[in-house]
Each structure stands twice: as C-alpha cells, then as structure tokens.
>>> print(open('start24.json').read())   # JSON, C-alpha atoms
[["chain", "number", "residue", "atom", "x", "y", "z"],
["A", 7, "MET", "CA", 4.89, -58.15, 45.43],
["A", 8, "THR", "CA", 7.38, -59.86, 47.80],
["A", 9, "ASP", "CA", 6.01, -62.72, 49.94],
["A", 10, "LEU", "CA", 5.81, -61.86, 53.61],
["A", 11, "ALA", "CA", 7.96, -63.99, 55.92],
["A", 12, "SER", "CA", 6.23, -65.17, 59.08],
["A", 13, "ASP", "CA", 8.74, -63.55, 61.43],
["A", 14, "THR", "CA", 8.39, -60.19, 59.64],
["A", 15, "ARG", "CA", 4.60, -60.46, 59.81],
["A", 16, "ALA", "CA", 4.86, -61.11, 63.54],
["A", 17, "ARG", "CA", 7.09, -58.05, 64.02],
["A", 18, "ILE", "CA", 4.65, -55.83, 62.11],
["A", 19, "GLU", "CA", 1.66, -57.14, 64.05],
["A", 20, "THR", "CA", 3.48, -56.54, 67.33],
["A", 21, "LEU", "CA", 4.16, -52.92, 66.33],
["A", 22, "LEU", "CA", 0.51, -52.40, 65.42],
["A", 23, "GLN", "CA", -0.69, -53.96, 68.67],
["A", 24, "GLU", "CA", 1.69, -51.88, 70.82],
["A", 25, "HIS", "CA", 1.04, -48.50, 69.18],
["A", 26, "PRO", "CA", -2.38, -47.10, 68.22],
["A", 27, "VAL", "CA", -0.90, -44.85, 65.52],
["A", 28, "VAL", "CA", 2.05, -46.06, 63.45],
["A", 29, "LEU", "CA", 3.62, -44.34, 60.46],
["A", 30, "PHE", "CA", 5.94, -46.47, 58.37],
["A", 31, "MET", "CA", 8.15, -43.89, 56.69],
["A", 32, "LYS", "CA", 11.59, -43.05, 55.35],
["A", 33, "GLY", "CA", 13.42, -41.44, 58.26],
["A", 34, "ASN", "CA", 11.53, -40.27, 61.34],
["A", 35, "ARG", "CA", 9.26, -37.39, 62.33],
["A", 36, "GLU", "CA", 12.23, -35.18, 63.26],
["A", 37, "ALA", "CA", 14.16, -35.96, 60.07],
["A", 38, "PRO", "CA", 12.03, -37.31, 57.22],
["A", 39, "MET", "CA", 14.11, -38.66, 54.34],
["A", 40, "CYS", "CA", 11.68, -38.08, 51.47],
["A", 41, "GLY", "CA", 9.05, -35.50, 50.59],
["A", 42, "PHE", "CA", 6.12, -37.90, 50.89],
["A", 43, "SER", "CA", 7.20, -39.05, 54.35],
["A", 44, "ALA", "CA", 7.69, -35.41, 55.34],
["A", 45, "ALA", "CA", 4.16, -34.53, 54.19],
["A", 46, "ALA", "CA", 2.54, -37.42, 56.07],
["A", 47, "SER", "CA", 4.46, -36.80, 59.28],
["A", 48, "ALA", "CA", 3.75, -33.05, 59.08],
["A", 49, "ALA", "CA", 0.01, -33.75, 58.94],
["A", 50, "LEU", "CA", 0.28, -35.99, 62.01],
["A", 51, "ASN", "CA", 2.55, -33.53, 63.84],
["A", 52, "ASP", "CA", -0.20, -30.94, 63.54],
["A", 53, "LEU", "CA", -2.59, -33.20, 65.43],
["A", 54, "LEU", "CA", -0.64, -35.52, 67.73],
["A", 55, "GLU", "CA", 2.14, -35.02, 70.23],
["A", 56, "ASP", "CA", 2.84, -38.73, 70.37],
["A", 57, "TYR", "CA", 2.71, -41.38, 67.66],
["A", 58, "HIS", "CA", 5.08, -44.13, 66.59],
["A", 59, "THR", "CA", 7.26, -44.05, 63.49],
["A", 60, "VAL", "CA", 9.17, -46.89, 61.87],
["A", 61, "ASP", "CA", 12.13, -45.97, 59.67],
["A", 62, "VAL", "CA", 11.93, -48.45, 56.80],
["A", 63, "LEU", "CA", 15.34, -47.32, 55.52],
["A", 64, "ALA", "CA", 16.89, -48.90, 58.61],
["A", 65, "ASP", "CA", 15.13, -52.25, 58.16],
["A", 66, "GLN", "CA", 14.92, -53.82, 54.70],
["A", 67, "ASP", "CA", 12.67, -56.66, 55.92],
["A", 68, "ILE", "CA", 10.11, -54.20, 57.28],
["A", 69, "ARG", "CA", 10.47, -51.97, 54.20],
["A", 70, "GLU", "CA", 9.41, -54.76, 51.87],
["A", 71, "GLY", "CA", 7.27, -56.60, 54.40],
["A", 72, "ILE", "CA", 4.91, -53.71, 55.13],
["A", 73, "LYS", "CA", 4.16, -53.42, 51.41],
["A", 74, "ALA", "CA", 3.11, -57.06, 51.33],
["A", 75, "TYR", "CA", 1.31, -56.89, 54.68],
["A", 76, "GLY", "CA", -1.24, -54.31, 53.59],
["A", 77, "GLN", "CA", -0.96, -54.86, 49.84],
["A", 78, "TRP", "CA", 0.11, -51.22, 49.50],
["A", 79, "PRO", "CA", 3.14, -50.70, 47.23],
["A", 80, "THR", "CA", 4.55, -47.38, 48.46],
["A", 81, "ILE", "CA", 5.98, -45.67, 51.53],
["A", 82, "PRO", "CA", 4.84, -43.95, 53.76],
["A", 83, "GLN", "CA", 1.94, -45.93, 55.19],
["A", 84, "LEU", "CA", -0.24, -44.85, 58.10],
["A", 85, "TYR", "CA", -1.93, -47.38, 60.38],
["A", 86, "VAL", "CA", -4.47, -46.39, 63.03],
["A", 87, "ARG", "CA", -5.58, -49.02, 65.53],
["A", 88, "GLY", "CA", -4.17, -51.72, 63.26],
["A", 89, "GLU", "CA", -5.99, -50.53, 60.14],
["A", 90, "LEU", "CA", -4.16, -49.29, 57.05],
["A", 91, "ILE", "CA", -5.28, -45.72, 56.27],
["A", 92, "GLY", "CA", -3.07, -45.01, 53.26],
["A", 93, "GLY", "CA", -0.11, -43.02, 52.03],
["A", 94, "ALA", "CA", 0.87, -39.37, 51.97],
["A", 95, "ASP", "CA", -1.82, -38.11, 49.58],
["A", 96, "ILE", "CA", -4.60, -39.80, 51.53],
["A", 97, "VAL", "CA", -3.25, -38.56, 54.86],
["A", 98, "ARG", "CA", -3.00, -34.97, 53.58],
["A", 99, "SER", "CA", -6.47, -35.13, 52.06],
["A", 100, "MET", "CA", -7.96, -36.47, 55.29],
["A", 101, "ALA", "CA", -6.17, -33.78, 57.30],
["A", 102, "ALA", "CA", -7.58, -31.07, 55.01],
["A", 103, "SER", "CA", -11.15, -32.40, 55.21],
["A", 104, "GLY", "CA", -11.10, -33.04, 58.96],
["A", 105, "GLU", "CA", -11.52, -36.82, 58.52],
["A", 106, "LEU", "CA", -8.15, -37.42, 60.14],
["A", 107, "ASN", "CA", -9.25, -35.47, 63.23],
["A", 108, "SER", "CA", -12.34, -37.62, 63.49],
["A", 109, "LEU", "CA", -10.39, -40.84, 62.98],
["A", 110, "LEU", "CA", -8.00, -39.86, 65.78],
["A", 111, "GLY", "CA", -10.83, -38.83, 68.12],
["A", 112, "LEU", "CA", -10.00, -35.13, 67.94],
["A", 113, "PRO", "CA", -12.24, -32.06, 67.53],
["A", 114, "PRO", "CA", -12.74, -30.87, 63.94],
["A", 115, "PRO", "CA", -10.19, -28.36, 62.64],
["A", 116, "ASP", "CA", -10.83, -24.64, 62.95],
["A", 117, "ARG", "CA", -11.70, -23.51, 59.43],
["A", 118, "THR", "CA", -11.71, -19.77, 60.14],
["A", 119, "PRO", "CA", -9.76, -17.98, 57.36],
["A", 120, "PRO", "CA", -6.75, -16.22, 58.91],
["A", 121, "GLU", "CA", -6.22, -12.48, 58.65],
["A", 122, "ILE", "CA", -3.19, -11.92, 56.41],
["A", 123, "LYS", "CA", -1.61, -8.68, 55.24],
["A", 124, "VAL", "CA", 0.02, -8.56, 51.80],
["A", 125, "THR", "CA", 1.93, -5.41, 50.88],
["A", 126, "GLU", "CA", 1.36, -3.83, 47.49],
["A", 127, "ALA", "CA", 4.86, -4.78, 46.35],
["A", 128, "ALA", "CA", 4.36, -8.42, 47.34],
["A", 129, "ALA", "CA", 0.92, -8.61, 45.73],
["A", 130, "SER", "CA", 2.31, -7.18, 42.48],
["A", 131, "ALA", "CA", 5.16, -9.71, 42.44],
["A", 132, "ILE", "CA", 2.80, -12.61, 43.11],
["A", 133, "ARG", "CA", 0.34, -11.55, 40.42],
["A", 134, "GLY", "CA", 3.24, -11.26, 37.98],
["A", 135, "ALA", "CA", 4.16, -14.89, 38.63],
["A", 136, "MET", "CA", 0.63, -16.18, 38.00],
["A", 137, "THR", "CA", -0.36, -17.31, 34.52],
["A", 138, "GLU", "CA", -3.40, -15.51, 33.18],
["A", 139, "GLY", "CA", -6.23, -17.88, 32.36],
["A", 140, "SER", "CA", -4.77, -20.76, 34.40],
["A", 141, "ASP", "CA", -6.99, -22.77, 36.74],
["A", 142, "ASP", "CA", -4.19, -22.87, 39.32],
["A", 143, "VAL", "CA", -4.60, -20.89, 42.54],
["A", 144, "LEU", "CA", -2.13, -19.56, 45.08],
["A", 145, "HIS", "CA", -1.40, -21.90, 48.00],
["A", 146, "LEU", "CA", 0.46, -20.88, 51.15],
["A", 147, "HIS", "CA", 2.01, -23.61, 53.28],
["A", 148, "VAL", "CA", 3.29, -22.75, 56.76],
["A", 149, "GLY", "CA", 5.11, -25.56, 58.56],
["A", 150, "ALA", "CA", 5.23, -26.23, 62.27],
["A", 151, "GLY", "CA", 8.57, -24.43, 62.48],
["A", 152, "HIS", "CA", 7.13, -21.45, 60.55],
["A", 153, "GLN", "CA", 8.88, -22.50, 57.35],
["A", 154, "ALA", "CA", 6.66, -21.02, 54.67],
["A", 155, "GLY", "CA", 6.30, -21.37, 50.93],
["A", 156, "PHE", "CA", 3.97, -20.58, 48.07],
["A", 157, "ASN", "CA", 3.01, -22.70, 45.10],
["A", 158, "LEU", "CA", 0.49, -22.59, 42.28],
["A", 159, "ALA", "CA", -1.80, -25.62, 42.03],
["A", 160, "PRO", "CA", -5.48, -26.45, 41.51],
["A", 161, "ALA", "CA", -7.82, -25.52, 44.34],
["A", 162, "GLY", "CA", -8.60, -28.27, 46.82],
["A", 163, "GLU", "CA", -12.12, -29.17, 47.86],
["A", 164, "HIS", "CA", -11.34, -28.49, 51.52],
["A", 165, "ASP", "CA", -9.04, -25.47, 51.21],
["A", 166, "ILE", "CA", -9.40, -22.61, 53.68],
["A", 167, "VAL", "CA", -9.38, -19.39, 51.67],
["A", 168, "SER", "CA", -8.22, -15.94, 52.79],
["A", 169, "HIS", "CA", -8.34, -12.72, 50.78],
["A", 170, "ALA", "CA", -5.60, -10.11, 51.12],
["A", 171, "GLY", "CA", -4.03, -7.53, 48.83],
["A", 172, "GLY", "CA", -6.43, -8.45, 46.07],
["A", 173, "LEU", "CA", -5.25, -12.07, 46.20],
["A", 174, "GLU", "CA", -7.05, -15.29, 47.02],
["A", 175, "ILE", "CA", -4.80, -17.43, 49.23],
["A", 176, "HIS", "CA", -5.55, -21.12, 49.81],
["A", 177, "LEU", "CA", -4.37, -22.90, 52.98],
["A", 178, "ASP", "CA", -4.68, -26.23, 54.74],
["A", 179, "PRO", "CA", -5.99, -26.16, 58.35],
["A", 180, "GLY", "CA", -2.53, -26.30, 59.98],
["A", 181, "SER", "CA", -1.15, -23.56, 57.75],
["A", 182, "ALA", "CA", -4.24, -21.43, 58.32],
["A", 183, "ARG", "CA", -3.77, -21.63, 62.08],
["A", 184, "ARG", "CA", -0.12, -20.64, 61.88],
["A", 185, "ALA", "CA", -0.69, -17.90, 59.29],
["A", 186, "ARG", "CA", -2.86, -15.71, 61.54],
["A", 187, "GLY", "CA", -1.60, -12.15, 61.54],
["A", 188, "ILE", "CA", 1.35, -12.66, 59.19],
["A", 189, "VAL", "CA", 2.62, -9.90, 56.93],
["A", 190, "ILE", "CA", 3.84, -10.84, 53.46],
["A", 191, "ASP", "CA", 6.25, -8.35, 51.90],
["A", 192, "TRP", "CA", 8.63, -8.15, 48.95],
["A", 193, "VAL", "CA", 12.21, -7.44, 49.96],
["A", 194, "GLU", "CA", 15.46, -6.91, 48.10],
["A", 195, "THR", "CA", 18.77, -7.98, 49.67],
["A", 196, "LEU", "CA", 22.32, -8.61, 48.49],
["A", 197, "GLN", "CA", 21.28, -12.20, 47.84],
["A", 198, "GLY", "CA", 18.41, -11.12, 45.57],
["A", 199, "ALA", "CA", 14.75, -10.25, 45.79],
["A", 200, "GLY", "CA", 11.95, -12.38, 47.16],
["A", 201, "LEU", "CA", 8.95, -12.70, 49.41],
["A", 202, "SER", "CA", 9.39, -12.22, 53.15],
["A", 203, "LEU", "CA", 6.95, -13.37, 55.82],
["A", 204, "SER", "CA", 6.80, -11.79, 59.27],
["A", 205, "PHE", "CA", 4.92, -13.50, 62.07],
["A", 206, "PRO", "CA", 3.27, -11.80, 65.03],
["A", 207, "GLY", "CA", 5.68, -11.49, 67.94],
["A", 208, "SER", "CA", 8.74, -12.22, 65.81],
["A", 209, "ALA", "CA", 11.88, -11.29, 67.67],
["A", 210, "ARG", "CA", 14.27, -8.71, 66.27],
["A", 211, "VAL", "CA", 17.52, -10.09, 64.92],
["A", 212, "ARG", "CA", 20.36, -8.45, 66.81],
["A", 213, "PRO", "CA", 23.84, -7.83, 65.38],
["A", 214, "LEU", "CA", 26.74, -9.54, 67.16],
["A", 215, "SER", "CA", 30.38, -8.55, 66.68],
["A", 216, "VAL", "CA", 32.99, -11.27, 66.43],
["A", 217, "GLN", "CA", 34.55, -9.97, 69.67],
["A", 218, "ALA", "CA", 31.25, -10.34, 71.52],
["A", 219, "LEU", "CA", 30.76, -13.76, 69.93],
["A", 220, "GLN", "CA", 34.15, -14.90, 71.19],
["A", 221, "GLU", "CA", 33.27, -13.81, 74.73],
["A", 222, "ARG", "CA", 29.94, -15.61, 74.67],
["A", 223, "LEU", "CA", 31.44, -18.78, 73.24],
["A", 224, "GLN", "CA", 34.02, -18.73, 76.04],
["A", 225, "ARG", "CA", 31.20, -18.40, 78.57],
["A", 226, "GLY", "CA", 29.28, -21.15, 76.85],
["A", 227, "ASP", "CA", 26.00, -19.23, 76.88],
["A", 228, "ILE", "CA", 25.23, -19.18, 73.14],
["A", 229, "THR", "CA", 24.94, -21.69, 70.28],
["A", 230, "LEU", "CA", 26.70, -20.72, 67.06],
["A", 231, "VAL", "CA", 25.23, -22.03, 63.79],
["A", 232, "ASP", "CA", 27.21, -22.02, 60.54],
["A", 233, "VAL", "CA", 24.85, -21.66, 57.55],
["A", 234, "ARG", "CA", 27.53, -22.03, 54.86],
["A", 235, "PRO", "CA", 27.52, -24.98, 52.43],
["A", 236, "ALA", "CA", 29.88, -27.88, 53.05],
["A", 237, "ALA", "CA", 32.46, -26.75, 50.49],
["A", 238, "ASP", "CA", 32.85, -23.36, 52.18],
["A", 239, "ARG", "CA", 32.99, -24.90, 55.65],
["A", 240, "ALA", "CA", 35.82, -27.13, 54.46],
["A", 241, "ARG", "CA", 37.77, -24.10, 53.23],
["A", 242, "ALA", "CA", 37.55, -22.29, 56.56],
["A", 243, "GLN", "CA", 36.50, -24.46, 59.47],
["A", 244, "LEU", "CA", 34.88, -23.19, 62.64],
["A", 245, "PRO", "CA", 34.79, -26.10, 65.13],
["A", 246, "GLN", "CA", 32.76, -24.08, 67.65],
["A", 247, "ALA", "CA", 29.77, -23.99, 65.30],
["A", 248, "LEU", "CA", 26.99, -26.40, 64.45],
["A", 249, "ALA", "CA", 26.53, -26.88, 60.69],
["A", 250, "LEU", "CA", 22.94, -26.03, 59.80],
["A", 251, "GLU", "CA", 23.21, -28.25, 56.72],
["A", 252, "GLU", "CA", 24.00, -31.25, 58.93],
["A", 253, "VAL", "CA", 21.70, -30.52, 61.87],
["A", 254, "GLY", "CA", 18.72, -29.47, 59.78],
["A", 255, "GLU", "CA", 16.56, -26.40, 60.27],
["A", 256, "ALA", "CA", 13.55, -28.38, 61.47],
["A", 257, "THR", "CA", 15.62, -30.14, 64.15],
["A", 258, "LEU", "CA", 17.24, -26.91, 65.31],
["A", 259, "ALA", "CA", 13.83, -25.27, 65.51],
["A", 260, "GLN", "CA", 12.80, -27.86, 68.14],
["A", 261, "ARG", "CA", 15.26, -26.39, 70.67],
["A", 262, "PRO", "CA", 13.90, -24.30, 73.58],
["A", 263, "HIS", "CA", 12.88, -20.96, 72.12],
["A", 264, "ASP", "CA", 14.59, -18.99, 74.89],
["A", 265, "ALA", "CA", 17.98, -20.50, 73.91],
["A", 266, "PRO", "CA", 20.31, -17.83, 72.40],
["A", 267, "LEU", "CA", 21.30, -18.60, 68.81],
["A", 268, "ALA", "CA", 23.90, -16.83, 66.65],
["A", 269, "PHE", "CA", 24.18, -17.40, 62.90],
["A", 270, "ILE", "CA", 27.34, -16.99, 60.83],
["A", 271, "CYS", "CA", 28.17, -17.25, 57.13],
["A", 272, "HIS", "CA", 30.97, -15.91, 54.90],
["A", 273, "HIS", "CA", 30.29, -12.18, 55.26],
["A", 274, "GLY", "CA", 27.09, -11.98, 57.32],
["A", 275, "HIS", "CA", 24.52, -11.73, 54.53],
["A", 276, "SER", "CA", 23.10, -15.25, 54.10],
["A", 277, "SER", "CA", 23.14, -15.76, 57.86],
["A", 278, "ALA", "CA", 20.93, -12.69, 58.30],
["A", 279, "GLY", "CA", 18.17, -14.32, 56.26],
["A", 280, "VAL", "CA", 18.39, -17.57, 58.24],
["A", 281, "ALA", "CA", 18.39, -15.59, 61.50],
["A", 282, "ARG", "CA", 15.17, -13.87, 60.45],
["A", 283, "ARG", "CA", 13.54, -17.24, 59.84],
["A", 284, "PHE", "CA", 14.45, -18.41, 63.33],
["A", 285, "ALA", "CA", 13.12, -15.18, 64.78],
["A", 286, "ALA", "CA", 9.88, -16.04, 63.02],
["A", 287, "HIS", "CA", 10.00, -19.51, 64.61],
["A", 288, "GLY", "CA", 9.50, -17.73, 67.92],
["A", 289, "PHE", "CA", 13.07, -17.73, 69.29],
["A", 290, "SER", "CA", 13.48, -14.77, 71.62],
["A", 291, "GLU", "CA", 17.25, -14.17, 71.39],
["A", 292, "ILE", "CA", 18.61, -14.32, 67.85],
["A", 293, "TYR", "CA", 21.90, -12.85, 66.59],
["A", 294, "ASN", "CA", 23.59, -12.39, 63.23],
["A", 295, "VAL", "CA", 27.41, -12.32, 63.31],
["A", 296, "GLU", "CA", 28.57, -9.12, 61.63],
["A", 297, "GLY", "CA", 31.20, -9.69, 58.96],
["A", 298, "GLY", "CA", 30.84, -13.46, 59.16],
["A", 299, "ILE", "CA", 33.76, -15.86, 59.29],
["A", 300, "ASP", "CA", 35.79, -13.38, 57.24],
["A", 301, "ALA", "CA", 35.71, -10.97, 60.20],
["A", 302, "TRP", "CA", 36.42, -13.82, 62.60],
["A", 303, "ALA", "CA", 39.54, -14.77, 60.63],
["A", 304, "ARG", "CA", 40.80, -11.19, 60.39],
["A", 305, "GLU", "CA", 40.00, -10.03, 63.94],
["A", 306, "ILE", "CA", 39.91, -13.11, 66.19],
["A", 307, "ASP", "CA", 41.70, -16.13, 64.75],
["A", 308, "PRO", "CA", 44.24, -15.58, 61.94],
["A", 309, "GLY", "CA", 44.65, -19.34, 61.73],
["A", 310, "VAL", "CA", 41.27, -19.52, 59.97],
["A", 311, "PRO", "CA", 41.84, -19.05, 56.21],
["A", 312, "THR", "CA", 40.15, -16.19, 54.37],
["A", 313, "TYR", "CA", 38.67, -16.82, 50.95]]
>>> encode(input="start24.json", output="structure tokens")
Amino acid sequence: MTDLASDTRARIETLLQEHPVVLFMKGNREAPMCGFSAAASAALNDLLEDYHTVDVLADQDIREGIKAYGQWPTIPQLYVRGELIGGADIVRSMAASGELNSLLGLPPPDRTPPEIKVTEAAASAIRGAMTEGSDDVLHLHVGAGHQAGFNLAPAGEHDIVSHAGGLEIHLDPGSARRARGIVIDWVETLQGAGLSLSFPGSARVRPLSVQALQERLQRGDITLVDVRPAADRARAQLPQALALEEVGEATLAQRPHDAPLAFICHHGHSSAGVARRFAAHGFSEIYNVEGGIDAWAREIDPGVPTY
C-alpha cells in the first residue's frame, strides 16, 4: 500500500477533527459515482441530514492517502468521530441491524413490517421469475426518492419481512419505512410489460399539449425535462429543456415538490413512465407532454427536425 505523505496525513486528520461523520467516497451524496459509494451514502442519508463527504475522484492524494491512513484498501470509507467504521457492506449491514443508529446516537430503527398490496397479476409475474428450490428470497429496495427495485438474494439476518399476495418480501429499515401502503401491480405499456409501484398520495400525471407547454415556458412557470437519450437529443435539440440523463433523477427529485415539472420524449410514451415515477416521489404538479418532441416540431417549431 502507498506510503502516506505527512501533508496528506495532516489534511485527513484535519477533516476528521472538523467533521464528526466523514464519508470518503467517489462523487458526493447528491451524485455518487459508483454503486458502493451510492449504497453507503444512501444508508447515511436515511439517518442524517448533515454529514461530510470527500470526493476522492477529485483528489488523487486523498484517494490513495486514505487507504494508507486506515489500512483499508477500498473506497468508500466511513469515519465517525475519527474512527474508521468500514466500507459499503459494513455500513449497510450496520444500518440494517440498527448498529449504525446507535453509533450515531439515534433511536433504533422502526422494524414494523409495512403493509403492502400486491395484485394477483404482479404476484404471478414475480413467482414466475423465482427459481424453485432456490434459497434466494425477494428483496424490495425503495430509495429516498422513491426509486424502487426488486432483486433475488439470500435473506439477511436483520431483514424486515412483509407478506402480501402470497409473497414474502424482505426490506431494509429505510425501504420498509418508505414502502408503507404501496401497491405493486403488473402493467403493460407500449414500452413493454413490468412491475409498477404506486405510493400513497401519488399525484396524477396530467397531459399537457405542446401549445400549453409553449405558453407555460414563455411565462417561465414550469420546468421541462427531456428524458430522451443523448443521441436522440442531438438529432432534435430542445434548448428549453433540462436533460434528465445529465441532471440525474436523484438530483431532480431534490427540487421542491410543489414545483411544476413537465416531461417530454420522442412521442410521449417513455416520458409518461418517468412522469409517473416523479409523481410517486411526491411532486404535486406533474405533466406529460402529449405527442412529445415530434408534436412540438410539427405544431410549434418547424425548425426542430423530425425523426
């Protein structure tokens, strides 16, 4: 392991003295740059409003120095009151068991299994994806922005377990808290079939014509978000729109939830799915642009190419 220069050691020790909780990671808590850093920061985000992060990608001396400082070879690394706690797996395990709460001086996590509804169609689809005789169980992860996903993996010692639709669903404490009252369904759209999660109080996605969009953009009272991939955006550019791919869904979800958002894609299909996710995030005024940029080019701005 690389020797630690004295000036780098001093910088690290200053960081640890100035901040009671420090996460050395790739990226930052708003935009993690690797899955392990994302997992560690997500566990801390569930518990703390304020902690310090150090982006090791922006500082090669710190990136190598922190490995030597604590004799820990990987990133991320969590320090609490100057003591090395560990990396992503340890942080997640401690969050699941409640040890992280205790370490941070917080009450133990609520381990009440959430009430979840699973429709018959969704339950059938999930059972069909499970391998008979496998020791893996169904895990549901619900992020702070209500991003949700399932995976099959061995049961964890500290899992919170809910039963719904004849299924056993395993959750971590943060996911369990956010999953209360959700409805899991199986839906078929033009983009294909898949699981859909609805959260209590989710706003309805409202249709927005390109004419109405133009008026609102001129008034400056709505944010337009382009969900198309970079190649499509290059073919037909819409300067008025933020690119979701560049901004990031997690970052956009941090905006005030009473801020009006409109989503646009090529024809209005993919954007509808993204709009539903943001409605589930708790945004109160969500729109999907009918006809997408194709309608915008035909009805509003013929200078935008159609494709």
>>> closest_residue(input="start24.json", among="A:Leu21, A:Ala11, A:Ala247, A:Leu106", to="Gly226 (chain A)", atoms="all atoms listed in the file")
A:Ala247
>>> residues_near_point(input="start24.json", point="(3.5, -25.4, 59.5)", cutoff="8 Å", atoms="only C-alpha atoms", output="short mmCIF file (atom, residue, chain, number, x, y, z; two decimals) with C-alpha atoms, in the coordinates of the input")
data_model
loop_
_atom_site.label_atom_id
_atom_site.label_comp_id
_atom_site.auth_asym_id
_atom_site.auth_seq_id
_atom_site.Cartn_x
_atom_site.Cartn_y
_atom_site.Cartn_z
CA ALA A 48 3.75 -33.05 59.08
CA ASP A 52 -0.20 -30.94 63.54
CA HIS A 147 2.01 -23.61 53.28
CA VAL A 148 3.29 -22.75 56.76
CA GLY A 149 5.11 -25.56 58.56
CA ALA A 150 5.23 -26.23 62.27
CA GLY A 151 8.57 -24.43 62.48
CA HIS A 152 7.13 -21.45 60.55
CA GLN A 153 8.88 -22.50 57.35
CA ALA A 154 6.66 -21.02 54.67
CA GLY A 180 -2.53 -26.30 59.98
CA SER A 181 -1.15 -23.56 57.75
CA ARG A 184 -0.12 -20.64 61.88
#
>>> closest_residue(input="start24.json", among="A:Ser43, A:Gln23, A:Asn107, A:Thr125", to="Tyr85 (chain A)", atoms="only C-alpha atoms")
A:Gln23
>>> closest_residue(input="start24.json", among="A:Val97, A:Cys271, A:Leu54, A:Ala128", to="Leu201 (chain A)", atoms="all atoms listed in the file")
A:Ala128
>>> closest_residue(input="start24.json", among="A:Pro213, A:Glu255, A:Val60, A:Asp227", to="Gly298 (chain A)", atoms="only C-alpha atoms")
A:Pro213
>>> residues_around(input="start24.json", residues="Val233 (chain A)", least_positions_apart="5", cutoff="7 Å", atoms="all atoms listed in the file", output="ChimeraX atom specification")
/A:249-251,269-271,277
>>> atom_distance(input="start24.json", atom1="CA of Glu70 (chain A)", atom2="CA of Leu110 (chain A)")
26.8 Å
>>> residues_around(input="start24.json", residues="Gly297 (chain A)", least_positions_apart="2", cutoff="9 Å", atoms="only C-alpha atoms", output="JSON, numbers by chain")
{"A": [215, 216, 270, 271, 272, 273, 274, 275, 295, 299, 300, 301, 302]}
>>> decode(input="start24.json", residues="region 274-280 of chain A", atoms="all heavy atoms", output="short mmCIF file (atom, residue, chain, number, x, y, z; two decimals), in the first residue's frame")
data_model
loop_
_atom_site.label_atom_id
_atom_site.label_comp_id
_atom_site.auth_asym_id
_atom_site.auth_seq_id
_atom_site.Cartn_x
_atom_site.Cartn_y
_atom_site.Cartn_z
N GLY A 274 -44.01 10.80 -26.44
CA GLY A 274 -44.82 10.93 -25.25
C GLY A 274 -45.03 9.65 -24.48
O GLY A 274 -45.79 9.64 -23.51
N HIS A 275 -44.35 8.57 -24.87
CA HIS A 275 -44.55 7.29 -24.19
C HIS A 275 -43.55 7.08 -23.05
O HIS A 275 -43.94 6.83 -21.91
CB HIS A 275 -44.47 6.14 -25.19
CG HIS A 275 -45.40 6.28 -26.35
ND1 HIS A 275 -46.75 6.55 -26.20
CD2 HIS A 275 -45.18 6.21 -27.69
CE1 HIS A 275 -47.32 6.63 -27.39
NE2 HIS A 275 -46.39 6.44 -28.32
N SER A 276 -42.26 7.16 -23.36
CA SER A 276 -41.24 6.99 -22.31
C SER A 276 -41.37 8.06 -21.23
O SER A 276 -41.20 7.79 -20.04
CB SER A 276 -39.84 7.06 -22.92
OG SER A 276 -39.64 6.03 -23.85
N SER A 277 -41.70 9.28 -21.65
CA SER A 277 -41.82 10.37 -20.68
C SER A 277 -42.97 10.12 -19.70
O SER A 277 -42.91 10.55 -18.54
CB SER A 277 -42.02 11.70 -21.39
OG SER A 277 -43.12 11.65 -22.28
N ALA A 278 -44.00 9.40 -20.14
CA ALA A 278 -45.12 9.11 -19.25
C ALA A 278 -44.67 8.25 -18.08
O ALA A 278 -45.08 8.46 -16.93
CB ALA A 278 -46.24 8.42 -20.02
N GLY A 279 -43.80 7.26 -18.36
CA GLY A 279 -43.30 6.42 -17.28
C GLY A 279 -42.44 7.18 -16.30
O GLY A 279 -42.54 6.99 -15.08
N VAL A 280 -41.59 8.08 -16.80
CA VAL A 280 -40.75 8.90 -15.92
C VAL A 280 -41.63 9.84 -15.10
O VAL A 280 -41.41 10.03 -13.90
CB VAL A 280 -39.72 9.69 -16.73
CG1 VAL A 280 -38.88 10.57 -15.80
CG2 VAL A 280 -38.81 8.75 -17.52
#
